[in-house]
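Only one structure is covered here, and it is reproduced in the block below.
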4 protein chains.
Amino acid sequence: MPNTFGKLFTVTTWGESHGPAVGAVVDGCPPRLPLEVAEIQAELDRRRPGQSDIVTPRKEEDRVEILSGVFEGRTTGTPISLLVRNADHRSGAYDEMRDKFRPSHADFAYQAKYGIRDHRGGGRSSARETVGRVAAGAIAKKILQHGLGGGTGGVEIRAFLTQVHDIVTPAEALVEFPTLAQVEATPVRCPHPETAARMIERIKAVRSEGDSVGGVIECRIRGVPAGLGEPVFDRLEADLAKAMLSLPATKAFELGSGFAGARLRGSEHNDLFETRDGRVRTQTNRSGGTQGGISNGEEIVFRVAFKPTATILQLQKTVDVHGAETELMGRGRHDPCVVPRAVPIVEAMAALVLVDHWLRHAAQNRTCAF
Amino acid sequence: MPNTFGKLFTVTTWGESHGPAVGAVVDGCPPRLPLEVAEIQAELDRRRPGQSDIVTPRKEEDRVEILSGVFEGRTTGTPISLLVRNADHRSGAYDEMRDKFRPSHADFAYQAKYGIRDHRGGGRSSARETVGRVAAGAIAKKILQHGLGGGTGGVEIRAFLTQVHDIVTPAEALVEFPTLAQVEATPVRCPHPETAARMIERIKAVRSEGDSVGGVIECRIRGVPAGLGEPVFDRLEADLAKAMLSLPATKAFELGSGFAGARLRGSEHNDLFETRDGRVRTQTNRSGGTQGGISNGEEIVFRVAFKPTATILQLQKTVDVHGAETELMGRGRHDPCVVPRAVPIVEAMAALVLVDHWLRHAAQNRTCAF
Amino acid sequence: MPNTFGKLFTVTTWGESHGPAVGAVVDGCPPRLPLEVAEIQAELDRRRPGQSDIVTPRKEEDRVEILSGVFEGRTTGTPISLLVRNADHRSGAYDEMRDKFRPSHADFAYQAKYGIRDHRGGGRSSARETVGRVAAGAIAKKILQHGLGGGTGGVEIRAFLTQVHDIVTPAEALVEFPTLAQVEATPVRCPHPETAARMIERIKAVRSEGDSVGGVIECRIRGVPAGLGEPVFDRLEADLAKAMLSLPATKAFELGSGFAGARLRGSEHNDLFETRDGRVRTQTNRSGGTQGGISNGEEIVFRVAFKPTATILQLQKTVDVHGAETELMGRGRHDPCVVPRAVPIVEAMAALVLVDHWLRHAAQNRTCAF
Amino acid sequence: MPNTFGKLFTVTTWGESHGPAVGAVVDGCPPRLPLEVAEIQAELDRRRPGQSDIVTPRKEEDRVEILSGVFEGRTTGTPISLLVRNADHRSGAYDEMRDKFRPSHADFAYQAKYGIRDHRGGGRSSARETVGRVAAGAIAKKILQHGLGGGTGGVEIRAFLTQVHDIVTPAEALVEFPTLAQVEATPVRCPHPETAARMIERIKAVRSEGDSVGGVIECRIRGVPAGLGEPVFDRLEADLAKAMLSLPATKAFELGSGFAGARLRGSEHNDLFETRDGRVRTQTNRSGGTQGGISNGEEIVFRVAFKPTATILQLQKTVDVHGAETELMGRGRHDPCVVPRAVPIVEAMAALVLVDHWLRHAAQNRTCAF
């Protein structure tokens, strides 16, 4: 089931960029969770294009409808079907893509795999597929607000930009867990105002040249009790890595010390245990919140790299479906930097991973009698 | 099934470091594949400790036995059970760990999760678990030798070290696809002899101080036809990322341009298509061999970061199972840098991912009639 | 994923009886299959209530919409989302069920499991859920028309009634594989006209008393090549049994000789092999088309028993959600025998099982090179 | 993973009749469960051949070894690997089966599926595979002893023979839940002594003619709380049906009223609710312990039909691997009726289904906060 994520709390997404609709089915949601359509809509609104002058102006209302699984404001334990109709698109703008492969897009790979593809707006490979992920993630976030036990209160997930092109947020600006207000204060979703300003300027400059840039998102999660994640293949970081690399345009994932950790000695990298506030804690957090693949109660910290958007408003060499060399000019609506809009998507995927692992942990540890 | 990897070609590993044995069950292997126990043993020998003076001197024979699924030298399509007895260990050396949590090890997280743990040598969290992965990977590699169709011949997977601590192989030394002989020429498995010499020197220096270092492995794969990998969650790179982050001590994964790709513009990053040797090819390979999560026929290139070994021969602060602060002195056999021994493990996991996706692709595309 | 059936060709159904809609997502459908919405609609029309005067008069148009996965009349290999809006229902008719458990319905068990339930029309436990199964099954049937290889041509699935209450079709009337026309000739879908007439008469008599009756469906499948089904847990008959027992109101399943086979000696029961028309065949078919859990190329024959509809127009004792004893009078639309409408549902489930196993077989046997 | 059963409490079996060993890996077992190897051995001893003069005299010691997952007498939450070495077999006795297909055995179907098979003793299709199921089931039974909550105490599973050939236990003899002692009192495992005596006589008579007979096993389960089982595909009875039809030689499954239920009217079949001993109960139990696929707290009752053993000591027509017609004479050790030995296997599979569903239920209902 390549279109399903999770083992116990599962989301199945469906839909193409220019088909009638996109959506998701969430199976395994615990019963009796209070859930309003507005809570899902709020997350979709964060993902929606056209929120500011630095992202694609494509106008999508993206009104979500709950078709099942919720009764009188509470989940029933049965599948929750979520539907978002696609707006009427100018599919004609994509006629050229029927025969030509856009460079660094999925067009060629899909054609090689399936022998057929919906070429309009990338079809299934479009980032529009993430609508279903964000809608499902909103339900997972609702669960996380209630907390996962272990006396740690509600779980908070905060993703934000730390880098656009070569503009990097200074480390000292990221000591504190950013507030949602700080992140949402600017359209780039970087909680450091000075860096945010430079990022916006850079994106505008690049857009004026018909080019694009990539960036890096950091995600921090607090309130996760120790014990989530499973040896050996379904380590918490393994599932987070998969979740992030399953997003369009991502090229890299690192947890805690990440690539920089390879440059340290063990005596520098080890997180020493101590007892703090009555709990076993680590003095430092180079591990990034897991050890042996299992959460240790510290903040979970990871970063995801996004490549620059493949669509640029420049003439590029390519080939057509017959293998003949040709050229292609990007045109129309164009998103010079998708990374800010990816913030709620990263959060959604992190939420899905956490809830899934929480249910798995609950299943195995139910048996208090032993 | 947290101890199972793969959807159609699956491996289930079992076993603790100091239990009677470790092993794996491979289910879904195609029938009629010629397979000798010596082929599996050869891969285990590459993983085995005690191969050189820079790794742990722990002596393990690691003789593998095939208990099922192979008849008269060929697989039968039924599960292949692989068994490796553990040698008689000095478990007494671990008595102190029964009550004390080793810093940056899985001890605390396992205790928090399960309320019980086999403390001897890390139990299930020991890298000894990877014996089963390497054995299963040897079968996957045998399949890959036969090739996956698409006119690309056999598939070759080559992993090697590019970094130990801050010693980095120069980029110009990595232009060519390294040969197995080049990789195996030194105990650090870095194909660039000058860098390898420096790495060995560094590891020895660190060991003499009772400390440890991390490193980076690059893995390249050639011969993969276009079309492997599935939208949207089971992208090829998503499953590779999960596979790598499921290995002990890994902190990061990147495909193709990786984190560096975030610093490029779209016009710099895009891989332009051309027709070369009768096939659609890309002029560059910043994508790292996949587009839209599906292989595009180019070389697959990824890197994995390993943190320094947590066990060091130094006195460290920690807490015991009752939360009382205490100290712990690492002792006994000690591996100052596990990264060289991780090379065959990375290859094994990559092989498992590829064969699994190949079978999945075969299933969906069987229906030539349409 | 309790709402998903299948491993490679999967269907996920969602929706409640009186919610906004019901539907299904089919994942894993091979690409390039020609598919028209009318083909799915035709199967739904066979399932629809109100087709004759012996079934429930509830009027549902059940117009299906394809929301994804089909492009220009062919499947694309991406998920196919199917949607059927529910008509505006008289939910008020169910107010009494909010607090009272209907005897032999799922009401009490759902309440015990979830602590919440959509009581209107049975909610998720309603047979209306099978709309999604039938829609998905129509796609599977389309694949089966193309045949599964092995030189056996297209696969035909024919289900029909052999029993209503104590009226049983004589064995000699079932020697031939019935045609679709024979089955659809009467509203009870029994291919033997005399028995069908008696069944109709019985159903009318029972209805006039506000009572209900059960029955038995036989299903035959021809054109399945040898080799489908997998040892050891996913035997073809095991998956067929699960598929059938997952349908509302089913109480029993038997393959081939079934319960009667327990009364035979081995010398009477064994199906002797012979070579016929150039193929290995069995002289008899007490096995019912599988041996060792794998199809042997003979006709697959199984039977499914349905209990009488739980809803009857009579006053029955029961308890309410507080455990207090009370009475409940069935009223409104009432289906005295659901078995005729279950015929297309049994066929749909059988089709899903076969296509799923065909893809699984294809995956494992792709590797012709060995 | 066709050799794996269960979703959260999973068992993977492996091994061939005449290979080096058979075994199982149990993943998902809750931690801290007290478990001794003797408890597993006891169940294997019930399954072992050579227990009496009416079953196969094949002598197998079947000593089980626990290779992982248990530490100091308790489970650790990691996979439990179970190994049983095969005795040294007279494989030469099977030389004729290398080329000839035994009637009503899996030989032909395996050959058609895989193009290769281990012909010795049926290879993977041998009932010897059930050793792994029984060993795993012993662990599940240990969990069930502790009870599944809901105030119902420990769960008891009792399977027994109700029929051999045409000898049927009278209904009035089965009113009470049989004790284990009653079942084990005779080698046929029928709790009614008079019927048991007739069954034994019949089996001996049939054996003297070199023939075989089938039979029926009934299984009753008490102590299961309401709420296990999941709509819509993973109904409790659907998973029980799959479990039973996955056993060698089974042809039919029925729950509660079963096929006989189809002959009743709704007014006769419905189980009316009442409040008894402070719990919601049903007055009758034609449903067989589930409603809407979910346990309702009543006794779970099902029956399984076994065909007569295919191996008989008579000359039978068949074909060889080249399709040529030939004859085959059964010889050697011969089990005229396997049904008595299937009793612990049916119990094991039932135990696996219950524990798996219990863990699934626990996962979804953990969230008491809502």
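Here's how to read the names in the structure tokens: chain A, B, ... by the order shown, residue numbers from 1 in each chain, ligand numbers from 1 in the order shown.
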
I need the chain B residues near chain C as a PDB file with N, CA, C and O atoms, in the first residue's frame; criterion: at most 9 Å, counting only C-alpha atoms.
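The result, stored in iface.pdb:
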ATOM      1  N   LEU B   8       7.538  -7.162   0.480  1.00  0.00           N
ATOM      2  CA  LEU B   8       7.422  -8.420  -0.265  1.00  0.00           C
ATOM      3  C   LEU B   8       8.647  -9.307  -0.071  1.00  0.00           C
ATOM      4  O   LEU B   8       8.525 -10.517   0.018  1.00  0.00           O
ATOM      5  N   PHE B   9       9.802  -8.705  -0.062  1.00  0.00           N
ATOM      6  CA  PHE B   9      11.024  -9.429   0.283  1.00  0.00           C
ATOM      7  C   PHE B   9      11.333  -8.995   1.701  1.00  0.00           C
ATOM      8  O   PHE B   9      11.828  -7.895   1.933  1.00  0.00           O
ATOM      9  N   GLY B  28       9.606 -14.427   1.141  1.00  0.00           N
ATOM     10  CA  GLY B  28       9.331 -13.765  -0.133  1.00  0.00           C
ATOM     11  C   GLY B  28      10.455 -13.871  -1.143  1.00  0.00           C
ATOM     12  O   GLY B  28      10.403 -13.221  -2.191  1.00  0.00           O
ATOM     13  N   CYS B  29      11.465 -14.667  -0.842  1.00  0.00           N
ATOM     14  CA  CYS B  29      12.552 -14.819  -1.818  1.00  0.00           C
ATOM     15  C   CYS B  29      12.023 -15.585  -3.034  1.00  0.00           C
ATOM     16  O   CYS B  29      11.396 -16.632  -2.880  1.00  0.00           O
ATOM     17  N   PRO B  30      12.268 -15.097  -4.221  1.00  0.00           N
ATOM     18  CA  PRO B  30      11.823 -15.823  -5.414  1.00  0.00           C
ATOM     19  C   PRO B  30      12.407 -17.235  -5.436  1.00  0.00           C
ATOM     20  O   PRO B  30      13.516 -17.464  -4.943  1.00  0.00           O
ATOM     21  N   PRO B  31      11.657 -18.169  -6.003  1.00  0.00           N
ATOM     22  CA  PRO B  31      12.139 -19.552  -6.065  1.00  0.00           C
ATOM     23  C   PRO B  31      13.206 -19.729  -7.153  1.00  0.00           C
ATOM     24  O   PRO B  31      13.324 -18.912  -8.049  1.00  0.00           O
ATOM     25  N   ARG B  32      13.952 -20.799  -7.007  1.00  0.00           N
ATOM     26  CA  ARG B  32      14.911 -21.268  -8.023  1.00  0.00           C
ATOM     27  C   ARG B  32      16.199 -20.451  -8.076  1.00  0.00           C
ATOM     28  O   ARG B  32      17.013 -20.646  -8.973  1.00  0.00           O
ATOM     29  N   LEU B  33      16.404 -19.554  -7.112  1.00  0.00           N
ATOM     30  CA  LEU B  33      17.657 -18.802  -7.062  1.00  0.00           C
ATOM     31  C   LEU B  33      18.771 -19.709  -6.560  1.00  0.00           C
ATOM     32  O   LEU B  33      18.660 -20.277  -5.471  1.00  0.00           O
ATOM     33  N   PRO B  34      19.857 -19.863  -7.309  1.00  0.00           N
ATOM     34  CA  PRO B  34      20.990 -20.650  -6.790  1.00  0.00           C
ATOM     35  C   PRO B  34      21.566 -19.961  -5.556  1.00  0.00           C
ATOM     36  O   PRO B  34      21.787 -18.756  -5.572  1.00  0.00           O
ATOM     37  N   GLY B  77      11.218 -20.769  -2.594  1.00  0.00           N
ATOM     38  CA  GLY B  77      10.104 -19.836  -2.463  1.00  0.00           C
ATOM     39  C   GLY B  77       9.508 -19.835  -1.059  1.00  0.00           C
ATOM     40  O   GLY B  77       8.614 -19.041  -0.769  1.00  0.00           O
ATOM     41  N   THR B  78       9.991 -20.714  -0.198  1.00  0.00           N
ATOM     42  CA  THR B  78       9.510 -20.768   1.191  1.00  0.00           C
ATOM     43  C   THR B  78      10.521 -20.038   2.082  1.00  0.00           C
ATOM     44  O   THR B  78      11.623 -19.719   1.646  1.00  0.00           O
ATOM     45  N   ILE B 143      20.423 -11.930  -5.718  1.00  0.00           N
ATOM     46  CA  ILE B 143      19.372 -11.604  -6.694  1.00  0.00           C
ATOM     47  C   ILE B 143      19.826 -10.454  -7.579  1.00  0.00           C
ATOM     48  O   ILE B 143      19.661 -10.474  -8.800  1.00  0.00           O
ATOM     49  N   HIS B 146      21.911 -10.965 -10.654  1.00  0.00           N
ATOM     50  CA  HIS B 146      21.208 -11.395 -11.866  1.00  0.00           C
ATOM     51  C   HIS B 146      20.614 -10.219 -12.619  1.00  0.00           C
ATOM     52  O   HIS B 146      20.183 -10.365 -13.757  1.00  0.00           O
ATOM     53  N   GLY B 147      20.570  -9.070 -11.967  1.00  0.00           N
ATOM     54  CA  GLY B 147      20.036  -7.891 -12.631  1.00  0.00           C
ATOM     55  C   GLY B 147      18.542  -7.765 -12.465  1.00  0.00           C
ATOM     56  O   GLY B 147      17.849  -8.736 -12.204  1.00  0.00           O
ATOM     57  N   LEU B 148      18.052  -6.554 -12.619  1.00  0.00           N
ATOM     58  CA  LEU B 148      16.645  -6.271 -12.411  1.00  0.00           C
ATOM     59  C   LEU B 148      15.946  -5.911 -13.709  1.00  0.00           C
ATOM     60  O   LEU B 148      14.897  -5.274 -13.729  1.00  0.00           O
ATOM     61  N   PRO B 231       5.316   6.149  -5.466  1.00  0.00           N
ATOM     62  CA  PRO B 231       4.634   7.270  -4.818  1.00  0.00           C
ATOM     63  C   PRO B 231       3.532   6.720  -3.918  1.00  0.00           C
ATOM     64  O   PRO B 231       2.938   5.695  -4.243  1.00  0.00           O
ATOM     65  N   TRP B 358      11.823  -3.955  -6.216  1.00  0.00           N
ATOM     66  CA  TRP B 358      11.777  -4.624  -7.516  1.00  0.00           C
ATOM     67  C   TRP B 358      10.585  -5.587  -7.567  1.00  0.00           C
ATOM     68  O   TRP B 358       9.832  -5.627  -8.548  1.00  0.00           O
ATOM     69  N   LEU B 359      10.397  -6.353  -6.502  1.00  0.00           N
ATOM     70  CA  LEU B 359       9.261  -7.272  -6.464  1.00  0.00           C
ATOM     71  C   LEU B 359       7.943  -6.499  -6.485  1.00  0.00           C
ATOM     72  O   LEU B 359       6.981  -6.895  -7.148  1.00  0.00           O
ATOM     73  N   ARG B 360       7.914  -5.392  -5.777  1.00  0.00           N
ATOM     74  CA  ARG B 360       6.683  -4.596  -5.771  1.00  0.00           C
ATOM     75  C   ARG B 360       6.387  -4.043  -7.158  1.00  0.00           C
ATOM     76  O   ARG B 360       5.230  -4.014  -7.593  1.00  0.00           O
ATOM     77  N   HIS B 361       7.432  -3.608  -7.819  1.00  0.00           N
ATOM     78  CA  HIS B 361       7.252  -3.100  -9.171  1.00  0.00           C
ATOM     79  C   HIS B 361       6.792  -4.216 -10.106  1.00  0.00           C
ATOM     80  O   HIS B 361       5.908  -4.029 -10.946  1.00  0.00           O
ATOM     81  N   ALA B 362       7.381  -5.388  -9.927  1.00  0.00           N
ATOM     82  CA  ALA B 362       7.007  -6.531 -10.764  1.00  0.00           C
ATOM     83  C   ALA B 362       5.538  -6.861 -10.588  1.00  0.00           C
ATOM     84  O   ALA B 362       4.825  -7.145 -11.561  1.00  0.00           O
ATOM     85  N   ALA B 363       5.066  -6.819  -9.360  1.00  0.00           N
ATOM     86  CA  ALA B 363       3.670  -7.160  -9.101  1.00  0.00           C
ATOM     87  C   ALA B 363       2.744  -6.229  -9.858  1.00  0.00           C
ATOM     88  O   ALA B 363       1.809  -6.660 -10.525  1.00  0.00           O
ATOM     89  N   GLN B 364       3.029  -4.937  -9.766  1.00  0.00           N
ATOM     90  CA  GLN B 364       2.080  -3.992 -10.347  1.00  0.00           C
ATOM     91  C   GLN B 364       2.167  -3.945 -11.870  1.00  0.00           C
ATOM     92  O   GLN B 364       1.219  -3.553 -12.530  1.00  0.00           O
ATOM     93  N   ASN B 365       3.278  -4.368 -12.417  1.00  0.00           N
ATOM     94  CA  ASN B 365       3.443  -4.241 -13.859  1.00  0.00           C
ATOM     95  C   ASN B 365       3.388  -5.562 -14.592  1.00  0.00           C
ATOM     96  O   ASN B 365       3.716  -5.621 -15.775  1.00  0.00           O
ATOM     97  N   ARG B 366       2.947  -6.593 -13.902  1.00  0.00           N
ATOM     98  CA  ARG B 366       2.858  -7.885 -14.519  1.00  0.00           C
ATOM     99  C   ARG B 366       1.923  -7.888 -15.722  1.00  0.00           C
ATOM    100  O   ARG B 366       2.130  -8.560 -16.716  1.00  0.00           O
ATOM    101  N   THR B 367       0.905  -7.056 -15.597  1.00  0.00           N
ATOM    102  CA  THR B 367      -0.238  -7.173 -16.473  1.00  0.00           C
ATOM    103  C   THR B 367       0.021  -6.571 -17.845  1.00  0.00           C
ATOM    104  O   THR B 367      -0.556  -5.569 -18.229  1.00  0.00           O
ATOM    105  N   ALA B 369      -0.853  -7.364 -20.560  1.00  0.00           N
ATOM    106  CA  ALA B 369      -1.942  -7.404 -21.539  1.00  0.00           C
ATOM    107  C   ALA B 369      -2.593  -6.044 -21.740  1.00  0.00           C
ATOM    108  O   ALA B 369      -3.078  -5.747 -22.818  1.00  0.00           O
ATOM    109  N   PHE B 370      -2.601  -5.235 -20.708  1.00  0.00           N
ATOM    110  CA  PHE B 370      -3.330  -3.957 -20.830  1.00  0.00           C
ATOM    111  C   PHE B 370      -2.598  -3.013 -21.788  1.00  0.00           C
ATOM    112  O   PHE B 370      -1.405  -2.788 -21.629  1.00  0.00           O
TER     113      PHE B 370
END

- Within 9 Å of Pro308 (chain B) using only C-alpha atoms, minus same-chain residues under 5 positions, as a PyMOL selection string: (chain A and resi 261-267+269-270) or (chain B and resi 165+211-215+249+336-339)

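Backbone DSSP over region 270-322 of chain C gives strand (DSSP E or B) for C:Phe273, C:Glu274, C:Thr275, C:Arg276, C:Arg279, C:Val280, C:Arg281, C:Thr282, C:Thr290, C:Gln291, C:Ile294, C:Ser295, C:Ile300, C:Val301, C:Phe302, C:Arg303, C:Val304, C:Ala305, C:Phe306, C:Leu315, C:Gln316, C:Lys317, C:Thr318, C:Val319, C:Asp320.
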
- Surrounding residues of Phe259 (chain B) excluding itself and chain neighbours under 4 positions, 7 Å, only C-alpha atoms, as a PyMOL selection string: (chain A and resi 251-252+305) or (chain B and resi 254)

- Query: Contacts of region 291-293 of chain D at 7 Å or less, counting only C-alpha atoms, minus same-chain residues fewer than 3 places along, as a PyMOL selection string?
  - Reply: (chain C and resi 104-106+109+125+248) or (chain D and resi 229-231+235-237+287+296)

Serialized selection, all heavy atoms, as a compact mmCIF listing (two decimals), in the first residue's frame:
# COMPACT_ATOMS: atom_id res chain seq x y z
N SER C 104 -29.31 -9.12 18.20
CA SER C 104 -28.49 -9.74 17.14
C SER C 104 -27.95 -8.74 16.13
O SER C 104 -27.49 -9.12 15.06
CB SER C 104 -29.25 -10.88 16.44
OG SER C 104 -29.18 -12.05 17.25
N HIS C 105 -27.99 -7.46 16.47
CA HIS C 105 -27.30 -6.44 15.69
C HIS C 105 -25.97 -6.11 16.37
O HIS C 105 -25.67 -6.60 17.46
CB HIS C 105 -28.15 -5.17 15.60
CG HIS C 105 -29.09 -5.15 14.44
ND1 HIS C 105 -28.70 -4.87 13.16
CD2 HIS C 105 -30.41 -5.41 14.37
CE1 HIS C 105 -29.75 -4.93 12.34
NE2 HIS C 105 -30.81 -5.27 13.05
N ALA C 106 -25.19 -5.25 15.73
CA ALA C 106 -23.88 -4.90 16.25
C ALA C 106 -23.93 -3.80 17.31
O ALA C 106 -22.89 -3.43 17.86
CB ALA C 106 -22.97 -4.46 15.09
N ALA C 109 -22.19 -4.50 20.74
CA ALA C 109 -20.75 -4.77 20.61
C ALA C 109 -19.98 -3.50 20.26
O ALA C 109 -18.89 -3.25 20.79
CB ALA C 109 -20.52 -5.86 19.55
N SER C 125 -21.71 -0.41 10.89
CA SER C 125 -22.01 -1.85 10.80
C SER C 125 -23.08 -2.14 9.76
O SER C 125 -23.38 -3.30 9.49
CB SER C 125 -22.43 -2.39 12.16
OG SER C 125 -23.74 -1.97 12.48
N PRO C 248 -21.38 -8.88 6.39
CA PRO C 248 -22.43 -8.91 7.40
C PRO C 248 -23.31 -10.15 7.25
O PRO C 248 -23.59 -10.57 6.11
CB PRO C 248 -23.25 -7.64 7.09
CG PRO C 248 -22.34 -6.75 6.33
CD PRO C 248 -21.42 -7.65 5.58
N GLY D 229 -12.21 -7.62 18.12
CA GLY D 229 -12.62 -7.76 16.73
C GLY D 229 -12.83 -6.38 16.15
O GLY D 229 -13.18 -5.45 16.88
N GLU D 230 -12.59 -6.25 14.86
CA GLU D 230 -12.67 -4.91 14.30
C GLU D 230 -13.47 -4.88 13.01
O GLU D 230 -13.24 -5.70 12.12
CB GLU D 230 -11.26 -4.39 14.01
CG GLU D 230 -10.42 -4.32 15.26
CD GLU D 230 -9.23 -3.43 15.07
OE1 GLU D 230 -9.41 -2.25 14.79
OE2 GLU D 230 -8.11 -3.93 15.20
N PRO D 231 -14.39 -3.94 12.93
CA PRO D 231 -15.02 -3.73 11.64
C PRO D 231 -14.00 -3.11 10.69
O PRO D 231 -13.15 -2.35 11.17
CB PRO D 231 -16.15 -2.76 11.94
CG PRO D 231 -15.78 -2.09 13.22
CD PRO D 231 -14.84 -3.00 13.94
N ARG D 235 -13.07 -8.65 11.15
CA ARG D 235 -14.01 -9.17 12.14
C ARG D 235 -13.36 -10.34 12.86
O ARG D 235 -12.57 -11.08 12.27
CB ARG D 235 -15.27 -9.66 11.43
CG ARG D 235 -16.10 -8.53 10.87
CD ARG D 235 -17.23 -9.08 10.01
NE ARG D 235 -18.05 -7.97 9.58
CZ ARG D 235 -19.34 -7.82 9.89
NH1 ARG D 235 -19.97 -8.77 10.55
NH2 ARG D 235 -20.00 -6.76 9.51
N LEU D 236 -13.75 -10.53 14.08
CA LEU D 236 -13.16 -11.61 14.85
C LEU D 236 -13.39 -12.96 14.16
O LEU D 236 -12.47 -13.78 14.03
CB LEU D 236 -13.74 -11.62 16.27
CG LEU D 236 -13.00 -12.47 17.29
CD1 LEU D 236 -11.55 -12.06 17.41
CD2 LEU D 236 -13.68 -12.36 18.65
N GLU D 237 -14.60 -13.19 13.66
CA GLU D 237 -14.88 -14.48 13.03
C GLU D 237 -14.17 -14.58 11.68
O GLU D 237 -13.84 -15.69 11.24
CB GLU D 237 -16.39 -14.71 12.87
CG GLU D 237 -17.11 -13.70 11.99
CD GLU D 237 -17.77 -12.62 12.82
OE1 GLU D 237 -17.14 -12.16 13.79
OE2 GLU D 237 -18.92 -12.23 12.48
N SER D 287 -25.51 -16.54 17.83
CA SER D 287 -24.48 -15.71 17.19
C SER D 287 -23.10 -16.33 17.34
O SER D 287 -22.20 -16.06 16.56
CB SER D 287 -24.48 -14.31 17.80
OG SER D 287 -25.72 -13.67 17.56
N ASN D 296 -19.09 -10.26 21.97
CA ASN D 296 -20.14 -9.66 22.81
C ASN D 296 -20.10 -10.21 24.23
O ASN D 296 -21.03 -10.01 24.99
CB ASN D 296 -21.52 -9.86 22.16
CG ASN D 296 -21.90 -11.33 22.08
OD1 ASN D 296 -21.11 -12.20 22.40
ND2 ASN D 296 -23.11 -11.60 21.61

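Atom to atom, CA of Asp45 (chain B) and CA of Arg189 (chain B) stand 14.3 Å apart.
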